[in-house]
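One structure is given here, and the rest of the page talks about it.
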Amino acid sequence: MNEQTGYLVLSTGDVLEGKWLGDILPTEGEVVFNTAMTGYQEVMTDPSYAGQIVTMTYPLIGNYGVNEVDSESIMPSLSGLIISYPCVTPEHYQSTKSIREMITEYKIPTLYGIDTRELTRIIRDNGEVYGRISTNKNDHPTKNAVDQDIVPSVSVSKIRKYTITENELDVRPHIVLMDFGYKQSIVQSLLDLGCDVTVVPYDTNPNQILELRPHGILLSNGPGDPNDLSYLIDNIKVICENYKVLGICFGHQLIALAHGAKITRLSYGHRGSNHPVKNLLTGKVSITSQNHGYIVDPDTIEEKNWIITFRNVNDGSIEGLCHRSKQIITVQFHPEAHPGPIDTQNIFSDFVNEIVNKGMKLHA
Ligand SMILES: NC(=O)CC[C@H](N)C(=O)O
């Protein structure tokens, strides 16, 4: 393995020494931790991590390799990766390459040999932490904010259509997915339910959406601070007036923002595969996959218009909303999973059933 020394220099003043796993590629970004024990490939290809240096708290990363089926996007968008102990001789029947081959192919700046649990403690104690991966330990991070154009950098620039050839349903719901940095698993969850999916750029306006004649709109996950997209609020309001809408994570935050709520930061994010959320309508607790640093400020929700449907069991933060009169449901967690449990996949089937059963006239 490459034995060249590299440093993770943090905005807190801490400097952690490691080794470069691939090429020497200095970088910087917000440093965030993910507590999932598996799912590094999905994490590395989730566009919501754009601009961030991700550390996996689980110490052994790479042991089942990288495969052809689990990537959430065409290429990784994260700024960097910090791992404790990499396994570069993977064993798994689906594995086609090692994590080192993947990070070399996609030029992901990566350090290994860092105590990722120590790093996680630093983030937990300090909240928002920025870092620079460098060969020079005096090379401090200069940025203190994630690039404001981060969503445009991951969103599609042209419409992308997904359809399944075999559909035994006599109806074909057509969902427009507004792409703020969508995960492939969201598309797959809709295809599995017999939907046609059209992915559109994040700033597509309601008139362009109308031309596509969708039956429902899904606002996707995405990187960065939703407040940076406040200029889309009018678009989102019109969409929410006219369609059945589902918002996931960034999409949930944008819909809340468009309806007058404030979006604030968690001191450190929820990123992992075992975050319990309680459905306040049924009392049922589900274990969810999560990846977010921002939340909807509970004091700014207009309760006359919104029902809080889910709360996080650990810290009580809002995990889901439902509009009292419009057909809008939103979740802060990731029902599409990947990585993580699929306990809340019913969010997709409830949305599609709502469209099929009570929705507008569907074409056959
Ligand atoms: N997964 C997401 O959609 C993340 C949303 C937003 N970037 C946050 O960190 O809160």
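Naming works like this for the structure tokens: A, B, ... for the chains as they're shown, residue 1 at the start of each chain, ligands 1 onward in shown order.
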
Counting only C-alpha atoms and all ligand atoms, what are the residues, protein, DNA or RNA alike, that approach ligand 1 to within 8 Å? I want them as number ranges by chain. A: 48-49, 181, 220-226, 248-251, 253, 265, 269, 290-295, 332-334

Let's see if you can do this: from backbone DSSP, list all alpha helix (DSSP H) residues in range 94-339 of chain A, as an MDAnalysis selection string. chainID A and resid 99:105 116:126 150:154 184:192 206:211 233:242 250:258

Would you output that residue set with C-alpha atoms, as a PDB file, in the first residue's frame?
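Okay, this is what ended up in out-v4.pdb:
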ATOM      1  CA  ILE A  99     -12.077   0.165  -2.667  1.00  0.00           C
ATOM      2  CA  ARG A 100      -8.559   1.292  -3.526  1.00  0.00           C
ATOM      3  CA  GLU A 101      -9.263   0.676  -7.220  1.00  0.00           C
ATOM      4  CA  MET A 102     -12.478   2.661  -6.905  1.00  0.00           C
ATOM      5  CA  ILE A 103     -10.926   5.665  -5.187  1.00  0.00           C
ATOM      6  CA  THR A 104      -8.052   5.650  -7.694  1.00  0.00           C
ATOM      7  CA  GLU A 105     -10.409   5.414 -10.680  1.00  0.00           C
ATOM      8  CA  THR A 116     -12.098   7.469  12.860  1.00  0.00           C
ATOM      9  CA  ARG A 117     -13.693   7.132  16.274  1.00  0.00           C
ATOM     10  CA  GLU A 118     -11.391   9.818  17.669  1.00  0.00           C
ATOM     11  CA  LEU A 119     -12.251  11.999  14.675  1.00  0.00           C
ATOM     12  CA  THR A 120     -15.956  11.398  15.298  1.00  0.00           C
ATOM     13  CA  ARG A 121     -15.567  12.517  18.914  1.00  0.00           C
ATOM     14  CA  ILE A 122     -13.949  15.744  17.721  1.00  0.00           C
ATOM     15  CA  ILE A 123     -16.906  16.379  15.390  1.00  0.00           C
ATOM     16  CA  ARG A 124     -19.422  15.521  18.123  1.00  0.00           C
ATOM     17  CA  ASP A 125     -17.730  17.914  20.558  1.00  0.00           C
ATOM     18  CA  ASN A 126     -17.384  20.770  18.070  1.00  0.00           C
ATOM     19  CA  ILE A 150     -23.287  22.460  -5.052  1.00  0.00           C
ATOM     20  CA  VAL A 151     -26.775  21.355  -6.203  1.00  0.00           C
ATOM     21  CA  PRO A 152     -26.287  22.558  -9.817  1.00  0.00           C
ATOM     22  CA  SER A 153     -23.020  20.596  -9.869  1.00  0.00           C
ATOM     23  CA  VAL A 154     -24.761  17.268  -9.170  1.00  0.00           C
ATOM     24  CA  GLN A 184     -30.664   5.757  -7.955  1.00  0.00           C
ATOM     25  CA  SER A 185     -32.493   3.787  -5.245  1.00  0.00           C
ATOM     26  CA  ILE A 186     -35.254   6.396  -5.266  1.00  0.00           C
ATOM     27  CA  VAL A 187     -35.813   5.796  -8.983  1.00  0.00           C
ATOM     28  CA  GLN A 188     -35.616   2.035  -8.431  1.00  0.00           C
ATOM     29  CA  SER A 189     -38.196   2.167  -5.619  1.00  0.00           C
ATOM     30  CA  LEU A 190     -40.632   3.891  -7.999  1.00  0.00           C
ATOM     31  CA  LEU A 191     -39.852   1.551 -10.932  1.00  0.00           C
ATOM     32  CA  ASP A 192     -40.451  -1.428  -8.640  1.00  0.00           C
ATOM     33  CA  PRO A 206     -43.862  24.378 -13.262  1.00  0.00           C
ATOM     34  CA  ASN A 207     -44.771  25.077 -16.923  1.00  0.00           C
ATOM     35  CA  GLN A 208     -42.068  22.699 -18.127  1.00  0.00           C
ATOM     36  CA  ILE A 209     -43.283  20.125 -15.600  1.00  0.00           C
ATOM     37  CA  LEU A 210     -46.880  20.541 -16.796  1.00  0.00           C
ATOM     38  CA  GLU A 211     -45.788  19.611 -20.329  1.00  0.00           C
ATOM     39  CA  ILE A 233     -39.506  28.723  -3.417  1.00  0.00           C
ATOM     40  CA  ASP A 234     -42.072  30.114  -5.880  1.00  0.00           C
ATOM     41  CA  ASN A 235     -41.596  27.110  -8.202  1.00  0.00           C
ATOM     42  CA  ILE A 236     -42.005  24.705  -5.313  1.00  0.00           C
ATOM     43  CA  LYS A 237     -45.122  26.460  -4.047  1.00  0.00           C
ATOM     44  CA  VAL A 238     -46.805  26.175  -7.462  1.00  0.00           C
ATOM     45  CA  ILE A 239     -45.856  22.502  -7.687  1.00  0.00           C
ATOM     46  CA  CYS A 240     -47.263  21.844  -4.207  1.00  0.00           C
ATOM     47  CA  GLU A 241     -50.550  23.559  -5.166  1.00  0.00           C
ATOM     48  CA  ASN A 242     -51.046  21.421  -8.247  1.00  0.00           C
ATOM     49  CA  PHE A 250     -33.438  17.847   0.968  1.00  0.00           C
ATOM     50  CA  GLY A 251     -36.844  17.732  -0.770  1.00  0.00           C
ATOM     51  CA  HIS A 252     -38.581  17.668   2.629  1.00  0.00           C
ATOM     52  CA  GLN A 253     -36.515  20.645   3.759  1.00  0.00           C
ATOM     53  CA  LEU A 254     -37.250  22.630   0.579  1.00  0.00           C
ATOM     54  CA  ILE A 255     -40.995  22.015   0.829  1.00  0.00           C
ATOM     55  CA  ALA A 256     -40.992  23.169   4.473  1.00  0.00           C
ATOM     56  CA  LEU A 257     -38.945  26.229   3.483  1.00  0.00           C
ATOM     57  CA  ALA A 258     -41.403  27.054   0.698  1.00  0.00           C
TER      58      ALA A 258
END

Find the residues around range 27-30 of chain A up to 9 Å (only C-alpha atoms counted), leave out those fewer than 4 positions away in its own chain, and share them as JSON, numbers by chain. {"A": [50, 51, 52, 53, 54, 78, 79, 80, 109, 128, 129, 130, 131, 132, 133, 134, 141, 142, 143, 144, 145, 146]}

Restricted to C-alpha atoms, what would the selected residues look like written as a PDB file, in the first residue's frame?
ATOM      1  CA  ALA A  50     -20.935  16.464  -2.430  1.00  0.00           C
ATOM      2  CA  GLY A  51     -18.560  18.963  -0.855  1.00  0.00           C
ATOM      3  CA  GLN A  52     -18.041  16.834   2.246  1.00  0.00           C
ATOM      4  CA  ILE A  53     -15.181  14.737   3.577  1.00  0.00           C
ATOM      5  CA  VAL A  54     -16.809  11.594   4.909  1.00  0.00           C
ATOM      6  CA  LEU A  78     -17.890  13.464  -2.120  1.00  0.00           C
ATOM      7  CA  SER A  79     -14.797  15.632  -1.527  1.00  0.00           C
ATOM      8  CA  GLY A  80     -12.801  13.086   0.406  1.00  0.00           C
ATOM      9  CA  PRO A 109      -8.810  11.960  -1.974  1.00  0.00           C
ATOM     10  CA  GLU A 128     -19.613  21.988  12.378  1.00  0.00           C
ATOM     11  CA  VAL A 129     -16.042  21.012  11.492  1.00  0.00           C
ATOM     12  CA  TYR A 130     -14.170  21.723   8.252  1.00  0.00           C
ATOM     13  CA  GLY A 131     -11.057  19.925   7.199  1.00  0.00           C
ATOM     14  CA  ARG A 132      -8.271  19.841   4.685  1.00  0.00           C
ATOM     15  CA  ILE A 133      -6.567  16.681   3.492  1.00  0.00           C
ATOM     16  CA  SER A 134      -2.974  17.570   2.663  1.00  0.00           C
ATOM     17  CA  PRO A 141      -8.828  24.587   5.648  1.00  0.00           C
ATOM     18  CA  THR A 142      -9.736  27.918   4.106  1.00  0.00           C
ATOM     19  CA  LYS A 143     -13.380  27.405   3.300  1.00  0.00           C
ATOM     20  CA  ASN A 144     -15.889  27.687   6.080  1.00  0.00           C
ATOM     21  CA  ALA A 145     -18.917  27.015   3.975  1.00  0.00           C
ATOM     22  CA  VAL A 146     -19.922  24.453   1.427  1.00  0.00           C
TER      23      VAL A 146
END

Run DSSP on the backbone and grab whatever in range 58-206 of chain A lands in strand (DSSP E); send it over as a PyMOL selection string. chain A and resi 60-61+80-82+85-86+110-112+130-134+160-162+174-179+196-201

How about saving the chosen residues, C-alpha atoms kept, as a PDB file, in the first residue's frame?
ATOM      1  CA  LEU A  60     -12.769  -1.965   8.549  1.00  0.00           C
ATOM      2  CA  ILE A  61     -13.840  -0.638   5.149  1.00  0.00           C
ATOM      3  CA  GLY A  80     -12.801  13.086   0.406  1.00  0.00           C
ATOM      4  CA  LEU A  81     -12.836   9.927   2.465  1.00  0.00           C
ATOM      5  CA  ILE A  82     -11.230   9.086   5.809  1.00  0.00           C
ATOM      6  CA  TYR A  85      -8.314   0.251   8.132  1.00  0.00           C
ATOM      7  CA  PRO A  86      -8.873  -0.380   4.419  1.00  0.00           C
ATOM      8  CA  THR A 110      -8.555   9.325   0.762  1.00  0.00           C
ATOM      9  CA  LEU A 111      -6.556   8.924   3.943  1.00  0.00           C
ATOM     10  CA  TYR A 112      -6.391   5.719   5.945  1.00  0.00           C
ATOM     11  CA  TYR A 130     -14.170  21.723   8.252  1.00  0.00           C
ATOM     12  CA  GLY A 131     -11.057  19.925   7.199  1.00  0.00           C
ATOM     13  CA  ARG A 132      -8.271  19.841   4.685  1.00  0.00           C
ATOM     14  CA  ILE A 133      -6.567  16.681   3.492  1.00  0.00           C
ATOM     15  CA  SER A 134      -2.974  17.570   2.663  1.00  0.00           C
ATOM     16  CA  ARG A 160     -33.623  11.573 -18.080  1.00  0.00           C
ATOM     17  CA  LYS A 161     -36.412   9.005 -18.474  1.00  0.00           C
ATOM     18  CA  TYR A 162     -36.698   5.638 -16.725  1.00  0.00           C
ATOM     19  CA  HIS A 174     -45.789   8.877 -14.077  1.00  0.00           C
ATOM     20  CA  ILE A 175     -43.609  10.546 -11.459  1.00  0.00           C
ATOM     21  CA  VAL A 176     -41.433  13.557 -12.154  1.00  0.00           C
ATOM     22  CA  LEU A 177     -38.377  13.429  -9.927  1.00  0.00           C
ATOM     23  CA  MET A 178     -36.894  16.883  -9.317  1.00  0.00           C
ATOM     24  CA  ASP A 179     -33.194  16.234  -9.095  1.00  0.00           C
ATOM     25  CA  ASP A 196     -42.516   5.674 -15.134  1.00  0.00           C
ATOM     26  CA  VAL A 197     -39.994   8.159 -13.814  1.00  0.00           C
ATOM     27  CA  THR A 198     -38.777  11.346 -15.488  1.00  0.00           C
ATOM     28  CA  VAL A 199     -35.812  12.972 -13.774  1.00  0.00           C
ATOM     29  CA  VAL A 200     -35.686  16.734 -14.375  1.00  0.00           C
ATOM     30  CA  PRO A 201     -33.076  19.383 -13.494  1.00  0.00           C
TER      31      PRO A 201
END

So that I can check the surroundings of Gly272 in chain A, please list as a list in words every protein, DNA and RNA residue that reaches within 8 Å of it, counting only C-alpha atoms and ignoring chain neighbours fewer than 2 positions away.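 Contacts, with the query itself left out: Asn34, Thr35, Ala36, His270, Asn274, His275, Ser289, Gln290, Asn291 and Gly340 of chain A.
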
Nearest residue to Leu212 in chain A from the set A:Ile159, A:Leu229, A:Ile347, A:Ile287 (distances using only C-alpha atoms): A:Ile159

Atom pair CA of Asn314 in chain A + CA of Val277 in chain A, distance 8.1 Å

Residue neighbourhood Val285 in chain A, 12 Å, only C-alpha atoms, exclusion window fewer than 3 positions, as a VMD selection string: chain A and resid 274 to 282 288 309 to 314 319 343 to 344

If you count only C-alpha atoms, which residues fall within 7 Å of range 13-20 of chain A, apart from same-chain ones fewer than 3 positions away, as a CSV table (one decimal) with N, CA and C atoms, in the first residue's frame?
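Writing done, so here's selection-v2.csv:
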chain,number,residue,atom,x,y,z
A,2,ASN,N,0.3,2.3,-0.5
A,2,ASN,CA,1.0,3.6,-0.6
A,2,ASN,C,1.3,4.0,0.9
A,3,GLU,N,2.6,4.3,1.1
A,3,GLU,CA,2.9,4.6,2.5
A,3,GLU,C,3.2,6.1,2.7
A,4,GLN,N,2.8,6.9,1.8
A,4,GLN,CA,3.0,8.4,1.9
A,4,GLN,C,2.2,9.0,3.0
A,5,THR,N,2.8,9.8,3.9
A,5,THR,CA,2.0,10.4,5.0
A,5,THR,C,1.1,11.5,4.5
A,6,GLY,N,-0.1,11.6,5.0
A,6,GLY,CA,-1.0,12.7,4.7
A,6,GLY,C,-1.6,13.1,6.0
A,7,TYR,N,-2.2,14.3,6.0
A,7,TYR,CA,-2.8,14.9,7.2
A,7,TYR,C,-4.2,15.3,7.0
A,8,LEU,N,-5.0,15.2,8.0
A,8,LEU,CA,-6.3,15.8,8.0
A,8,LEU,C,-6.2,16.9,9.0
A,9,VAL,N,-6.2,18.1,8.5
A,9,VAL,CA,-6.1,19.3,9.3
A,9,VAL,C,-7.5,19.9,9.5
A,10,LEU,N,-7.9,20.0,10.8
A,10,LEU,CA,-9.3,20.4,11.1
A,10,LEU,C,-9.4,21.9,11.5
A,23,ASP,N,-4.0,8.2,-5.0
A,23,ASP,CA,-3.1,9.3,-5.4
A,23,ASP,C,-3.1,10.4,-4.3
A,24,ILE,N,-2.1,11.2,-4.3
A,24,ILE,CA,-2.0,12.4,-3.4
A,24,ILE,C,-2.8,13.5,-4.0
A,110,THR,N,-8.2,10.2,-0.4
A,110,THR,CA,-8.6,9.3,0.8
A,110,THR,C,-7.3,9.1,1.7
A,111,LEU,N,-7.6,9.3,3.0
A,111,LEU,CA,-6.6,8.9,3.9
A,111,LEU,C,-7.0,7.7,4.7
A,112,TYR,N,-6.1,6.8,5.1
A,112,TYR,CA,-6.4,5.7,5.9
A,112,TYR,C,-5.4,5.8,7.1
A,113,GLY,N,-5.7,4.9,8.1
A,113,GLY,CA,-4.8,4.8,9.2
A,113,GLY,C,-5.1,5.9,10.2
A,114,ILE,N,-6.3,6.5,10.1
A,114,ILE,CA,-6.8,7.5,11.1
A,114,ILE,C,-7.8,6.9,12.0
A,137,LYS,N,1.0,19.5,7.2
A,137,LYS,CA,0.1,19.7,8.4
A,137,LYS,C,-0.2,21.1,8.8

What is the distance, in Å and to one decimal place, between CA of Asn138 in chain A and CA of Tyr58 in chain A?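 So the answer is 27.9 Å.
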